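Peer 1: Before I ask anything, here is the structure I am working with.
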Amino acid sequence: MLVDAIRAEGFRLSKNRTLIFWSLLFVPIITIAIGAITNFVLKANEAKLLADAEAPPGLREMMASGGQLDLAQSLVQAAGNVANPLVLAFVLIGAATLYAGDYRWETWRLISARNSRVNLMLGKLTTVAGIALLAMLLMLVAAVIENFIRAAIFDRQVVFNATGEAFGQFIGQLALSWLRILQFTMMGMLAAAVTRSLLAALFVPLVLGVAQFFSPNMLAPMGIMPDAWLAMLINPGAAVDAVSAAIAGGERAAALPDGIILKSWISLGLWTLVPLAGALAWFQKQDLSKE
């Protein structure tokens with residue numbers, strides 16, 4: 001049963017403390033440390049930076065002493081940024097280990113006799129989804145801590161002006177970030193099934209992610225605009241940015257080209273479902289006696 005597969009993967013994950021640290025705890029800890037150091041440095045150079053006429057308005061607003069710091073709005077912004085490259089890379093470590101670990105330790109033959117292959121793979125996917133959700137929640141906790149540190153350094157009052165609109169944006173951005181993390185790990189699942197290699201499960205998504213990031217620069221000389229069908233279909237990261245802008249509303253949403261949301265959802269759907277279907281189909285016909 002699928003529940004048994006999920007329970008087994010969760011139990012094995014709970015015993016791997018190294019994986020838990022790198023996939024869940026490392027990035028939030030680093031985020032808090034970097035945020036604290038950055039705020040202390042900005043405070044130390046406050047007079048010089050505020051006197052600079054060319055200082056960005058966002059920097060001036062962040063350094064303004066006194067006033068209020070809206071924690072609700074900060075959480076909305078954090079929810080849209082939790083699927084950043086650092087989180088993607090370190091969650092991928094856990095995902096690659098889960099997807100390829102049984103090939104590495106040659107344990108597929110032992111567990112495949114107790115459950116269906118589809119359930120076993122979906123159990124791993126569900127566990128990765130749980131890792132992604134926990135990683136996001138810990139990043140939100142890190143954002144709250146970092147905001148309290150900033151408020152203390154710049155003597156600002158922390159308020160929580162939550163509205164129905166802000167709550168909707170928070171849920172929307174959080175769900176989109178969760179989908180982005182899962183989509184990013186899908187190529188790891190496919191690579192693990194096809195190559196039986198942990199390194200392939202780790203590096204294939206990373207290489208693809210870097211290539212997709214630079215794809216607009218490569219397509220521009222060919223006359224292909226960033227909002228064209230081809231550009232959106234090969235770059236799910238841009239698709240996530242477009243949907244995120246639509247959720248945020250305001251000027252960001254108004255600046256979106258016509259039809260880009262449809263292209264974005266199709267891109268996200270293809271990059272999530274096609275690797276999943278490919279991994280399941282390949283695993284179903286795979287000879288596990290030759291691990």
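Residues in the structure tokens are numbered from 1 in each chain, the chains being A, B, ... in the order shown, and ligands are numbered from 1 in the order shown.
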Determine which residues of region 7-238 of chain A DSSP labels as alpha helix (DSSP H) from the backbone of this structure, then write them out as a PyMOL selection string.

Peer 2: chain A and resi 7-14+17-20+26-44+46-51+57-63+71-81+85-104+108-111+117-153+164-195+198-219+229-233+236-238

Peer 1: What are the closest atom pairs, with distances in Å to one decimal, for each residue of region 142-256 of chain A lying within 7 Å of region 271-276 of chain A, using only C-alpha atoms, rows by chain and rising residue number, as a Markdown table?

Peer 2:
| residue | atom | partner | partner_atom | distance |
| --- | --- | --- | --- | --- |
| A:Gln183 | CA | A:Thr272 | CA | 4.7 |
| A:Met186 | CA | A:Pro275 | CA | 5.7 |
| A:Met187 | CA | A:Pro275 | CA | 5.8 |
| A:Leu190 | CA | A:Pro275 | CA | 5.7 |

Peer 1: Can you write just those residues out, C-alpha atoms, as a PDB file, in the first residue's frame?

Peer 2:
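Output below, filename selection_15.pdb:
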ATOM      1  CA  GLN A 183       9.101  20.453 -10.092  1.00  0.00           C
ATOM      2  CA  MET A 186      11.295  15.762 -10.745  1.00  0.00           C
ATOM      3  CA  MET A 187      14.279  15.604 -13.088  1.00  0.00           C
ATOM      4  CA  LEU A 190      13.852  10.621 -13.699  1.00  0.00           C
TER       5      LEU A 190
END

Peer 1: Identify, with DSSP run on backbone atoms, the residues in region 18-200 of chain A assigned to strand (DSSP E or B), and express the list as a ChimeraX atom specification.

Peer 2: /A:68-70,157-159

Peer 1: Could you name the residues that touch Ile34 (chain A) at 12 Å or less, counting only C-alpha atoms, but leaving out those on the same chain fewer than 2 positions away, as a PyMOL selection string?

Peer 2: chain A and resi 27-32+36-41+142-143+145-146+149-150

Peer 1: Closest to Phe213 (chain A) among A:Leu198, A:Thr127, A:Gly237, A:Ala245, using only C-alpha atoms?

Peer 2: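 Using only C-alpha atoms, the shortest distance to Phe213 (chain A) belongs to A:Gly237.
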
Peer 1: Between A:Ser289, A:Ala78, A:Ser215, A:Asp155, which has the minimum distance to Glu106 (chain A) (counting only C-alpha atoms)?

Peer 2: A:Ser289
